[in-house]
Amino acid sequence: MGNTFRESVSLAGKPPYGRLDVRDNYIEFGSFKISFINLGNVLKYLREGGTRVEKIITYSPDTYFLINPIEPVSLPKPLTNFILLEFAEPVVIAPSSTIEAYATFPIEVGVFVINAKNSELLDVFSLVNQKYTLYGTPRNGIICRYWRTGISTEVPKVDLLREGVLKLKISNVSDYWITLSNLVLSVNGMTIYYDDNHVSSSAQATIFSQTYAETSFTDEPLKEGMSKSLIVRSQKRLPVIRERFVMEWGLQ
Amino acid sequence: MSFLDTVIYGDVTIRSILVFLVLMTATVIFAKLITLVLKRALIDKLKKNVLDIILKVVYYTIIIAVFVGLTPLLGINLSGLLLAGGITGIIIGFALQNIVANLVSGIFLAIERPVKIGDGISLGSVTGVVEDVNIFSTIIRTYDGLFVRVPNSTVFTSNITNYTAHVARRFEYVVGIRYSDDAQKAIEIIKKVIEEHPFALKKPEPQVFVDSLGDNSVNIVVRVWAPSQEWYSVKMDLLWKIKTRLEEGGIQIPFPQRVVWFANDLQLRTPQLRPGEGPESKNQDYIGGEG
């Protein structure tokens with residue numbers, strides 16, 4: 001059956017994240033191309049670029065589609081709930097002091113189909129390469145999504161299709177100078193915000209000693225008026241518990 | 001007489017059971033709190049494995065001590081229980097030696113947990129995935145799909161290799177290149193291929209180095225860590241990519257070869273052909289003679 005939707009419309013000039021208009025013949029997201037093809041009473045979702053994804057979706061007037069950043073631990077396949085940020089320059093923090101800084105995190109994009117009752121994750125893709133690492137020992141450590149980031153006191157300029165801005169609050173409550181090169185965070189409880197210019201999240205770390213710190217994501221947008229992403233955990237209707245992670249295998 | 005004073009058995013009332021449950025819950029929370037405080041206090045002063053043992057000892061000592069102290073609330077006489085248990089144990093031990101051995105082994109396996117459901121293990125001559133750990137036996141599905149039931153006493157007394165107990169494991173290739181190839185360039189190509197693979201772990205860092213000068217090739221050892229769950233797929237995936245990329249970079253993996261030196265100069269003899277003989281005699285001049 002032919003496509004009865006309106007002429008091809010690319011995403012250029014439109015906000016990249018938010019509600020998708022299925023009347024658009026296709027949208028472009030970096031090197032990816034997303035199409036919705038009308039097959040009568042069902043729609044075909046088609047994503048080209050990288051691995052081709054095709055799905056048939058039952059469609060009713062209250063159904064809509066949403067594209068937004070999700071927790072960056074789903075690709076190539078879900079393996080962990082942790083992300084390790086390696087700072088390009090180590091941060092040296094004075095005893096009993098707190099700094100606020102900005103880092104970046106990788107973006108994975110989720111496409112959801114939603115109706116009045118529930119939502120379902122249709123597809124996940126990303127414009128950045130994935131890499132994983134081990135934090136701790138092979139016996140007791142954890143596998144983490146690896147991301148190398150700069151750290152700055154001002155909001156970094158990043159490509160919002162590829163990188164989000166992570167607002168960090170790091171407190172050193174110990175009596176020692178602390179050199180911090182890595183930060184491991186559990187994405188359980190990660191909240192992501194987006195608008196036309198930024199994707200953002202926020203996190204905090206409390207350092208108790210040279211080898212021990214507690215980290216967690218916090219629920220704070222980069223600025224007022226940003227939209228909150230529908231994330232995979234909320235899609236699964238799991239209770240969003242802001243999980244603290246204990247870094248006990250060192251901070252460097 | 002209130003509802004809480006209703007006697008359930010002996011001197012045990014609903015009140016005493018509730019008191020027992022509340023105190024045990026409080027004890028568990030207290031024990032967790034104590035171990036958390038100890039962990040924060042000692043993490044810099046002790047090795048992690050020593051600290052873990054101390055924390056476990058403290059945790060379970062608190063819980064067991066309080067449990068023993070509270071058993072009178074449940075009307076349990078521990079000394080009588082121990083005596084009865086001992087006699088029963090002896091009788092059952094004689095009568096059902098193998099079954100009890102498997103049962104006891106199963107209990108110890110449940111405590112020690114050397115294998116979990118879903119682990120890839122090697123147990124004696126059996127290699128496969130653990131499907132179930134029952135009280136009497138452990139069920140293994142071999143990699144070719146066979147059902148193997150191993151009695152728990154055998155599991156408990158055998159050497160077990162658990163391939164997935166740790167979160168990451170390493171694999172190794174030996175890649176041979178020609179003596180005429182640039183080994184440094186080959187190492188850089190291999191490192192780049194590893195870097196591009198998502199599940200070839202960043203840390204522990206992969207190792208790529210010239211390991212030996214072989215008979216036919218310069219041998220480069222490649223060691224890569226991968227998540228245990230993905231170990232085999234990464235191993236299968238990487239080797240062919242390394243081979244392809246090396247060839248694209250002009251580096252060849254040589255066949256076995258041998259250079260033979262002769263003590264004396266070789267004398268080449270060609271047969272004397274008459275006109276009309278030989279494969280291309282119609283188009284070529286006749287070549288003949290000796291030496």
# chains A, B, ... in the order shown; residues from 1 in each chain; ligands from 1
$ interface_residues --of "chain A" --to "chain B" --cutoff "10 Å" --atoms "only C-alpha atoms" --output "PyMOL selection string"
chain A and resi 75-77+79+129-146+208-213+248-249
$ residues_around --residues "region 151-164 of chain A" --least-positions-apart "3" --cutoff "8 Å" --atoms "only C-alpha atoms" --output "PDB file with C-alpha atoms, in the first residue's frame"
ATOM      1  CA  PRO A  16      15.365  17.229  17.315  1.00  0.00           C
ATOM      2  CA  PHE A  29      18.443  12.470  12.755  1.00  0.00           C
ATOM      3  CA  GLY A  30      22.094  12.850  11.921  1.00  0.00           C
ATOM      4  CA  PHE A  87      37.866  13.221  33.103  1.00  0.00           C
ATOM      5  CA  ALA A  88      40.286  14.426  30.463  1.00  0.00           C
ATOM      6  CA  GLU A  89      41.978  16.457  33.197  1.00  0.00           C
ATOM      7  CA  GLU A 100      30.216  22.763  40.826  1.00  0.00           C
ATOM      8  CA  ALA A 101      31.290  21.943  37.305  1.00  0.00           C
ATOM      9  CA  TYR A 102      30.018  20.700  33.981  1.00  0.00           C
ATOM     10  CA  ALA A 103      30.929  17.519  32.146  1.00  0.00           C
ATOM     11  CA  THR A 104      29.284  15.713  29.253  1.00  0.00           C
ATOM     12  CA  PHE A 105      27.582  12.372  28.794  1.00  0.00           C
ATOM     13  CA  PRO A 106      26.837  10.318  25.649  1.00  0.00           C
ATOM     14  CA  ILE A 107      23.394  10.421  24.150  1.00  0.00           C
ATOM     15  CA  GLU A 108      21.344   7.444  23.153  1.00  0.00           C
ATOM     16  CA  SER A 126      22.994   6.737  18.805  1.00  0.00           C
ATOM     17  CA  LEU A 127      25.348   8.912  16.822  1.00  0.00           C
ATOM     18  CA  VAL A 128      28.256   8.226  19.179  1.00  0.00           C
ATOM     19  CA  ASN A 197      19.563  23.768  22.497  1.00  0.00           C
ATOM     20  CA  HIS A 198      20.613  21.317  25.188  1.00  0.00           C
ATOM     21  CA  VAL A 199      20.243  17.871  26.628  1.00  0.00           C
ATOM     22  CA  SER A 200      21.118  17.837  30.298  1.00  0.00           C
ATOM     23  CA  SER A 201      21.270  15.829  33.468  1.00  0.00           C
TER      24      SER A 201
END
$ residues_around --residues "Ile220 (chain B)" --least-positions-apart "6" --cutoff "12 Å" --atoms "only C-alpha atoms" --output "PDB file with all heavy atoms, in the first residue's frame"
ATOM      1  N   GLU B 172      42.852 -14.456  24.301  1.00  0.00           N
ATOM      2  CA  GLU B 172      44.157 -14.170  23.682  1.00  0.00           C
ATOM      3  C   GLU B 172      44.209 -14.740  22.268  1.00  0.00           C
ATOM      4  O   GLU B 172      43.684 -15.816  22.003  1.00  0.00           O
ATOM      5  CB  GLU B 172      45.244 -14.806  24.554  1.00  0.00           C
ATOM      6  CG  GLU B 172      46.650 -14.581  24.046  1.00  0.00           C
ATOM      7  CD  GLU B 172      47.697 -15.132  25.014  1.00  0.00           C
ATOM      8  OE1 GLU B 172      47.642 -14.802  26.211  1.00  0.00           O
ATOM      9  OE2 GLU B 172      48.545 -15.917  24.572  1.00  0.00           O
ATOM     10  N   TYR B 173      44.796 -13.997  21.381  1.00  0.00           N
ATOM     11  CA  TYR B 173      45.115 -14.502  20.044  1.00  0.00           C
ATOM     12  C   TYR B 173      46.619 -14.406  19.854  1.00  0.00           C
ATOM     13  O   TYR B 173      47.269 -13.550  20.465  1.00  0.00           O
ATOM     14  CB  TYR B 173      44.536 -13.637  18.927  1.00  0.00           C
ATOM     15  CG  TYR B 173      43.071 -13.337  18.952  1.00  0.00           C
ATOM     16  CD1 TYR B 173      42.635 -12.021  18.953  1.00  0.00           C
ATOM     17  CD2 TYR B 173      42.127 -14.346  18.918  1.00  0.00           C
ATOM     18  CE1 TYR B 173      41.289 -11.716  18.919  1.00  0.00           C
ATOM     19  CE2 TYR B 173      40.775 -14.049  18.889  1.00  0.00           C
ATOM     20  CZ  TYR B 173      40.368 -12.732  18.891  1.00  0.00           C
ATOM     21  OH  TYR B 173      39.049 -12.427  18.857  1.00  0.00           O
ATOM     22  N   VAL B 174      47.132 -15.230  18.949  1.00  0.00           N
ATOM     23  CA  VAL B 174      48.493 -15.020  18.448  1.00  0.00           C
ATOM     24  C   VAL B 174      48.362 -14.761  16.947  1.00  0.00           C
ATOM     25  O   VAL B 174      47.832 -15.592  16.218  1.00  0.00           O
ATOM     26  CB  VAL B 174      49.385 -16.244  18.708  1.00  0.00           C
ATOM     27  CG1 VAL B 174      50.770 -16.011  18.108  1.00  0.00           C
ATOM     28  CG2 VAL B 174      49.502 -16.505  20.201  1.00  0.00           C
ATOM     29  N   VAL B 175      48.781 -13.579  16.531  1.00  0.00           N
ATOM     30  CA  VAL B 175      48.677 -13.198  15.121  1.00  0.00           C
ATOM     31  C   VAL B 175      50.087 -13.170  14.535  1.00  0.00           C
ATOM     32  O   VAL B 175      50.946 -12.414  15.007  1.00  0.00           O
ATOM     33  CB  VAL B 175      48.023 -11.806  14.978  1.00  0.00           C
ATOM     34  CG1 VAL B 175      47.937 -11.396  13.516  1.00  0.00           C
ATOM     35  CG2 VAL B 175      46.640 -11.801  15.607  1.00  0.00           C
ATOM     36  N   GLY B 176      50.324 -14.000  13.522  1.00  0.00           N
ATOM     37  CA  GLY B 176      51.645 -14.026  12.889  1.00  0.00           C
ATOM     38  C   GLY B 176      51.677 -13.127  11.656  1.00  0.00           C
ATOM     39  O   GLY B 176      50.739 -13.130  10.866  1.00  0.00           O
ATOM     40  N   ILE B 177      52.721 -12.325  11.551  1.00  0.00           N
ATOM     41  CA  ILE B 177      52.881 -11.498  10.344  1.00  0.00           C
ATOM     42  C   ILE B 177      54.234 -11.820   9.702  1.00  0.00           C
ATOM     43  O   ILE B 177      55.105 -12.422  10.332  1.00  0.00           O
ATOM     44  CB  ILE B 177      52.792  -9.987  10.670  1.00  0.00           C
ATOM     45  CG1 ILE B 177      53.899  -9.573  11.659  1.00  0.00           C
ATOM     46  CG2 ILE B 177      51.430  -9.638  11.222  1.00  0.00           C
ATOM     47  CD1 ILE B 177      54.037  -8.073  11.812  1.00  0.00           C
ATOM     48  N   ARG B 178      54.415 -11.392   8.434  1.00  0.00           N
ATOM     49  CA  ARG B 178      55.674 -11.685   7.721  1.00  0.00           C
ATOM     50  C   ARG B 178      56.831 -10.929   8.362  1.00  0.00           C
ATOM     51  O   ARG B 178      56.635  -9.857   8.944  1.00  0.00           O
ATOM     52  CB  ARG B 178      55.555 -11.255   6.261  1.00  0.00           C
ATOM     53  CG  ARG B 178      54.548 -12.044   5.470  1.00  0.00           C
ATOM     54  CD  ARG B 178      54.447 -11.511   4.074  1.00  0.00           C
ATOM     55  NE  ARG B 178      54.089 -10.098   4.044  1.00  0.00           N
ATOM     56  CZ  ARG B 178      53.706  -9.427   2.955  1.00  0.00           C
ATOM     57  NH1 ARG B 178      53.658 -10.054   1.796  1.00  0.00           N
ATOM     58  NH2 ARG B 178      53.404  -8.159   3.009  1.00  0.00           N
ATOM     59  N   TYR B 179      58.027 -11.460   8.183  1.00  0.00           N
ATOM     60  CA  TYR B 179      59.220 -10.770   8.688  1.00  0.00           C
ATOM     61  C   TYR B 179      59.419  -9.435   7.972  1.00  0.00           C
ATOM     62  O   TYR B 179      59.988  -8.511   8.522  1.00  0.00           O
ATOM     63  CB  TYR B 179      60.451 -11.659   8.549  1.00  0.00           C
ATOM     64  CG  TYR B 179      60.652 -12.536   9.769  1.00  0.00           C
ATOM     65  CD1 TYR B 179      60.006 -13.766   9.879  1.00  0.00           C
ATOM     66  CD2 TYR B 179      61.450 -12.115  10.828  1.00  0.00           C
ATOM     67  CE1 TYR B 179      60.154 -14.549  10.997  1.00  0.00           C
ATOM     68  CE2 TYR B 179      61.603 -12.907  11.961  1.00  0.00           C
ATOM     69  CZ  TYR B 179      60.958 -14.115  12.037  1.00  0.00           C
ATOM     70  OH  TYR B 179      61.111 -14.879  13.168  1.00  0.00           O
ATOM     71  N   ASP B 181      57.068  -7.393   7.149  1.00  0.00           N
ATOM     72  CA  ASP B 181      56.052  -6.405   7.531  1.00  0.00           C
ATOM     73  C   ASP B 181      56.515  -5.560   8.710  1.00  0.00           C
ATOM     74  O   ASP B 181      57.361  -5.978   9.511  1.00  0.00           O
ATOM     75  CB  ASP B 181      54.746  -7.121   7.894  1.00  0.00           C
ATOM     76  CG  ASP B 181      54.067  -7.716   6.683  1.00  0.00           C
ATOM     77  OD1 ASP B 181      54.204  -7.128   5.589  1.00  0.00           O
ATOM     78  OD2 ASP B 181      53.424  -8.764   6.825  1.00  0.00           O
ATOM     79  N   ASP B 182      55.885  -4.383   8.826  1.00  0.00           N
ATOM     80  CA  ASP B 182      56.190  -3.467   9.925  1.00  0.00           C
ATOM     81  C   ASP B 182      55.373  -3.880  11.146  1.00  0.00           C
ATOM     82  O   ASP B 182      54.142  -3.676  11.187  1.00  0.00           O
ATOM     83  CB  ASP B 182      55.837  -2.038   9.468  1.00  0.00           C
ATOM     84  CG  ASP B 182      56.169  -0.998  10.534  1.00  0.00           C
ATOM     85  OD1 ASP B 182      56.449  -1.400  11.680  1.00  0.00           O
ATOM     86  OD2 ASP B 182      56.130   0.201  10.220  1.00  0.00           O
ATOM     87  N   ALA B 183      56.029  -4.454  12.139  1.00  0.00           N
ATOM     88  CA  ALA B 183      55.317  -4.966  13.309  1.00  0.00           C
ATOM     89  C   ALA B 183      54.640  -3.830  14.084  1.00  0.00           C
ATOM     90  O   ALA B 183      53.542  -3.999  14.614  1.00  0.00           O
ATOM     91  CB  ALA B 183      56.284  -5.716  14.213  1.00  0.00           C
ATOM     92  N   GLN B 184      55.303  -2.668  14.133  1.00  0.00           N
ATOM     93  CA  GLN B 184      54.723  -1.541  14.870  1.00  0.00           C
ATOM     94  C   GLN B 184      53.414  -1.095  14.233  1.00  0.00           C
ATOM     95  O   GLN B 184      52.430  -0.806  14.924  1.00  0.00           O
ATOM     96  CB  GLN B 184      55.726  -0.378  14.909  1.00  0.00           C
ATOM     97  CG  GLN B 184      55.375   0.723  15.905  1.00  0.00           C
ATOM     98  CD  GLN B 184      55.163   0.190  17.318  1.00  0.00           C
ATOM     99  OE1 GLN B 184      55.937  -0.628  17.813  1.00  0.00           O
ATOM    100  NE2 GLN B 184      54.093   0.635  17.959  1.00  0.00           N
ATOM    101  N   LYS B 185      53.411  -1.078  12.898  1.00  0.00           N
ATOM    102  CA  LYS B 185      52.189  -0.702  12.185  1.00  0.00           C
ATOM    103  C   LYS B 185      51.082  -1.734  12.453  1.00  0.00           C
ATOM    104  O   LYS B 185      49.919  -1.386  12.671  1.00  0.00           O
ATOM    105  CB  LYS B 185      52.484  -0.616  10.678  1.00  0.00           C
ATOM    106  CG  LYS B 185      51.311  -0.144   9.851  1.00  0.00           C
ATOM    107  CD  LYS B 185      51.671  -0.115   8.372  1.00  0.00           C
ATOM    108  CE  LYS B 185      50.453   0.196   7.524  1.00  0.00           C
ATOM    109  NZ  LYS B 185      50.718   0.034   6.099  1.00  0.00           N
ATOM    110  N   ALA B 186      51.477  -3.007  12.446  1.00  0.00           N
ATOM    111  CA  ALA B 186      50.494  -4.071  12.717  1.00  0.00           C
ATOM    112  C   ALA B 186      49.900  -3.902  14.114  1.00  0.00           C
ATOM    113  O   ALA B 186      48.683  -4.039  14.307  1.00  0.00           O
ATOM    114  CB  ALA B 186      51.168  -5.432  12.580  1.00  0.00           C
ATOM    115  N   ILE B 187      50.739  -3.583  15.082  1.00  0.00           N
ATOM    116  CA  ILE B 187      50.260  -3.396  16.463  1.00  0.00           C
ATOM    117  C   ILE B 187      49.269  -2.237  16.516  1.00  0.00           C
ATOM    118  O   ILE B 187      48.216  -2.326  17.159  1.00  0.00           O
ATOM    119  CB  ILE B 187      51.458  -3.162  17.412  1.00  0.00           C
ATOM    120  CG1 ILE B 187      52.223  -4.482  17.600  1.00  0.00           C
ATOM    121  CG2 ILE B 187      51.011  -2.598  18.747  1.00  0.00           C
ATOM    122  CD1 ILE B 187      53.540  -4.349  18.332  1.00  0.00           C
ATOM    123  N   GLU B 188      49.588  -1.150  15.814  1.00  0.00           N
ATOM    124  CA  GLU B 188      48.683   0.008  15.821  1.00  0.00           C
ATOM    125  C   GLU B 188      47.340  -0.338  15.186  1.00  0.00           C
ATOM    126  O   GLU B 188      46.286   0.059  15.690  1.00  0.00           O
ATOM    127  CB  GLU B 188      49.342   1.175  15.084  1.00  0.00           C
ATOM    128  CG  GLU B 188      50.381   1.884  15.942  1.00  0.00           C
ATOM    129  CD  GLU B 188      51.277   2.802  15.130  1.00  0.00           C
ATOM    130  OE1 GLU B 188      50.909   3.131  14.000  1.00  0.00           O
ATOM    131  OE2 GLU B 188      52.349   3.172  15.642  1.00  0.00           O
ATOM    132  N   ILE B 189      47.386  -1.096  14.088  1.00  0.00           N
ATOM    133  CA  ILE B 189      46.130  -1.493  13.426  1.00  0.00           C
ATOM    134  C   ILE B 189      45.294  -2.353  14.378  1.00  0.00           C
ATOM    135  O   ILE B 189      44.089  -2.146  14.544  1.00  0.00           O
ATOM    136  CB  ILE B 189      46.433  -2.258  12.115  1.00  0.00           C
ATOM    137  CG1 ILE B 189      46.995  -1.292  11.069  1.00  0.00           C
ATOM    138  CG2 ILE B 189      45.179  -2.946  11.588  1.00  0.00           C
ATOM    139  CD1 ILE B 189      47.524  -1.968   9.809  1.00  0.00           C
ATOM    140  N   ILE B 190      45.945  -3.312  15.016  1.00  0.00           N
ATOM    141  CA  ILE B 190      45.215  -4.214  15.921  1.00  0.00           C
ATOM    142  C   ILE B 190      44.619  -3.434  17.089  1.00  0.00           C
ATOM    143  O   ILE B 190      43.457  -3.628  17.465  1.00  0.00           O
ATOM    144  CB  ILE B 190      46.146  -5.344  16.429  1.00  0.00           C
ATOM    145  CG1 ILE B 190      46.552  -6.247  15.261  1.00  0.00           C
ATOM    146  CG2 ILE B 190      45.479  -6.153  17.515  1.00  0.00           C
ATOM    147  CD1 ILE B 190      47.664  -7.224  15.581  1.00  0.00           C
ATOM    148  N   LYS B 191      45.410  -2.495  17.634  1.00  0.00           N
ATOM    149  CA  LYS B 191      44.902  -1.691  18.759  1.00  0.00           C
ATOM    150  C   LYS B 191      43.685  -0.867  18.336  1.00  0.00           C
ATOM    151  O   LYS B 191      42.744  -0.692  19.103  1.00  0.00           O
ATOM    152  CB  LYS B 191      46.000  -0.762  19.285  1.00  0.00           C
ATOM    153  CG  LYS B 191      46.983  -1.460  20.211  1.00  0.00           C
ATOM    154  CD  LYS B 191      47.965  -0.473  20.790  1.00  0.00           C
ATOM    155  CE  LYS B 191      48.855  -1.143  21.832  1.00  0.00           C
ATOM    156  NZ  LYS B 191      49.926  -0.251  22.302  1.00  0.00           N
ATOM    157  N   GLN B 207      46.358  -5.733  25.693  1.00  0.00           N
ATOM    158  CA  GLN B 207      47.809  -5.806  25.456  1.00  0.00           C
ATOM    159  C   GLN B 207      48.059  -6.337  24.051  1.00  0.00           C
ATOM    160  O   GLN B 207      47.490  -7.364  23.667  1.00  0.00           O
ATOM    161  CB  GLN B 207      48.463  -6.746  26.465  1.00  0.00           C
ATOM    162  CG  GLN B 207      48.434  -6.242  27.892  1.00  0.00           C
ATOM    163  CD  GLN B 207      49.050  -7.251  28.837  1.00  0.00           C
ATOM    164  OE1 GLN B 207      48.805  -8.446  28.732  1.00  0.00           O
ATOM    165  NE2 GLN B 207      49.849  -6.778  29.759  1.00  0.00           N
ATOM    166  N   VAL B 208      48.887  -5.638  23.317  1.00  0.00           N
ATOM    167  CA  VAL B 208      49.277  -6.081  21.973  1.00  0.00           C
ATOM    168  C   VAL B 208      50.789  -5.904  21.871  1.00  0.00           C
ATOM    169  O   VAL B 208      51.290  -4.783  21.991  1.00  0.00           O
ATOM    170  CB  VAL B 208      48.579  -5.243  20.876  1.00  0.00           C
ATOM    171  CG1 VAL B 208      48.881  -5.810  19.501  1.00  0.00           C
ATOM    172  CG2 VAL B 208      47.079  -5.179  21.092  1.00  0.00           C
ATOM    173  N   PHE B 209      51.515  -7.001  21.667  1.00  0.00           N
ATOM    174  CA  PHE B 209      52.976  -6.887  21.629  1.00  0.00           C
ATOM    175  C   PHE B 209      53.587  -8.056  20.857  1.00  0.00           C
ATOM    176  O   PHE B 209      52.979  -9.116  20.727  1.00  0.00           O
ATOM    177  CB  PHE B 209      53.559  -6.827  23.049  1.00  0.00           C
ATOM    178  CG  PHE B 209      53.226  -8.021  23.894  1.00  0.00           C
ATOM    179  CD1 PHE B 209      54.080  -9.116  23.965  1.00  0.00           C
ATOM    180  CD2 PHE B 209      52.050  -8.066  24.624  1.00  0.00           C
ATOM    181  CE1 PHE B 209      53.770 -10.212  24.747  1.00  0.00           C
ATOM    182  CE2 PHE B 209      51.722  -9.161  25.405  1.00  0.00           C
ATOM    183  CZ  PHE B 209      52.592 -10.227  25.470  1.00  0.00           C
ATOM    184  N   VAL B 210      54.822  -7.823  20.362  1.00  0.00           N
ATOM    185  CA  VAL B 210      55.544  -8.903  19.680  1.00  0.00           C
ATOM    186  C   VAL B 210      56.036  -9.867  20.753  1.00  0.00           C
ATOM    187  O   VAL B 210      56.786  -9.497  21.649  1.00  0.00           O
ATOM    188  CB  VAL B 210      56.730  -8.350  18.871  1.00  0.00           C
ATOM    189  CG1 VAL B 210      57.555  -9.492  18.307  1.00  0.00           C
ATOM    190  CG2 VAL B 210      56.227  -7.457  17.746  1.00  0.00           C
ATOM    191  N   ASP B 211      55.575 -11.096  20.649  1.00  0.00           N
ATOM    192  CA  ASP B 211      55.857 -12.073  21.692  1.00  0.00           C
ATOM    193  C   ASP B 211      57.026 -12.981  21.326  1.00  0.00           C
ATOM    194  O   ASP B 211      57.822 -13.354  22.177  1.00  0.00           O
ATOM    195  CB  ASP B 211      54.604 -12.918  21.929  1.00  0.00           C
ATOM    196  CG  ASP B 211      54.802 -13.961  22.999  1.00  0.00           C
ATOM    197  OD1 ASP B 211      55.138 -13.558  24.121  1.00  0.00           O
ATOM    198  OD2 ASP B 211      54.639 -15.156  22.707  1.00  0.00           O
ATOM    199  N   SER B 212      57.108 -13.329  20.049  1.00  0.00           N
ATOM    200  CA  SER B 212      58.196 -14.235  19.673  1.00  0.00           C
ATOM    201  C   SER B 212      58.495 -14.104  18.184  1.00  0.00           C
ATOM    202  O   SER B 212      57.656 -13.649  17.400  1.00  0.00           O
ATOM    203  CB  SER B 212      57.812 -15.688  19.999  1.00  0.00           C
ATOM    204  OG  SER B 212      56.689 -16.067  19.229  1.00  0.00           O
ATOM    205  N   LEU B 213      59.704 -14.498  17.822  1.00  0.00           N
ATOM    206  CA  LEU B 213      60.120 -14.532  16.418  1.00  0.00           C
ATOM    207  C   LEU B 213      60.051 -15.989  15.985  1.00  0.00           C
ATOM    208  O   LEU B 213      60.939 -16.781  16.303  1.00  0.00           O
ATOM    209  CB  LEU B 213      61.523 -13.951  16.271  1.00  0.00           C
ATOM    210  CG  LEU B 213      61.677 -12.526  16.833  1.00  0.00           C
ATOM    211  CD1 LEU B 213      63.126 -12.077  16.777  1.00  0.00           C
ATOM    212  CD2 LEU B 213      60.792 -11.553  16.067  1.00  0.00           C
ATOM    213  N   GLY B 214      58.974 -16.346  15.335  1.00  0.00           N
ATOM    214  CA  GLY B 214      58.704 -17.747  15.034  1.00  0.00           C
ATOM    215  C   GLY B 214      59.431 -18.225  13.797  1.00  0.00           C
ATOM    216  O   GLY B 214      60.170 -17.481  13.138  1.00  0.00           O
ATOM    217  N   ILE B 242      40.488  -8.228  12.741  1.00  0.00           N
ATOM    218  CA  ILE B 242      41.929  -7.973  12.799  1.00  0.00           C
ATOM    219  C   ILE B 242      42.591  -8.463  11.511  1.00  0.00           C
ATOM    220  O   ILE B 242      43.388  -7.757  10.893  1.00  0.00           O
ATOM    221  CB  ILE B 242      42.553  -8.675  14.038  1.00  0.00           C
ATOM    222  CG1 ILE B 242      42.134  -7.949  15.314  1.00  0.00           C
ATOM    223  CG2 ILE B 242      44.072  -8.725  13.931  1.00  0.00           C
ATOM    224  CD1 ILE B 242      42.537  -8.655  16.587  1.00  0.00           C
ATOM    225  N   ILE B 253      49.386 -12.324   6.663  1.00  0.00           N
ATOM    226  CA  ILE B 253      49.608 -13.423   7.608  1.00  0.00           C
ATOM    227  C   ILE B 253      50.216 -14.559   6.788  1.00  0.00           C
ATOM    228  O   ILE B 253      49.557 -15.087   5.886  1.00  0.00           O
ATOM    229  CB  ILE B 253      48.290 -13.829   8.283  1.00  0.00           C
ATOM    230  CG1 ILE B 253      47.809 -12.637   9.139  1.00  0.00           C
ATOM    231  CG2 ILE B 253      48.460 -15.074   9.130  1.00  0.00           C
ATOM    232  CD1 ILE B 253      46.415 -12.741   9.649  1.00  0.00           C
TER     233      ILE B 253
END
$ select_by_dssp --residues "region 105-207 of chain B" --states "strand (DSSP E)" --output "ChimeraX atom specification"
/B:120-123,126-133,137-142,147-151,160-162,168-177,207
$ residues_around --residues "region 178-189 of chain A" --least-positions-apart "6" --cutoff "8 Å" --atoms "only C-alpha atoms" --output "ChimeraX atom specification"
/A:71,81-95,144,172,209-210,215-218,233,240-245,247,251-252
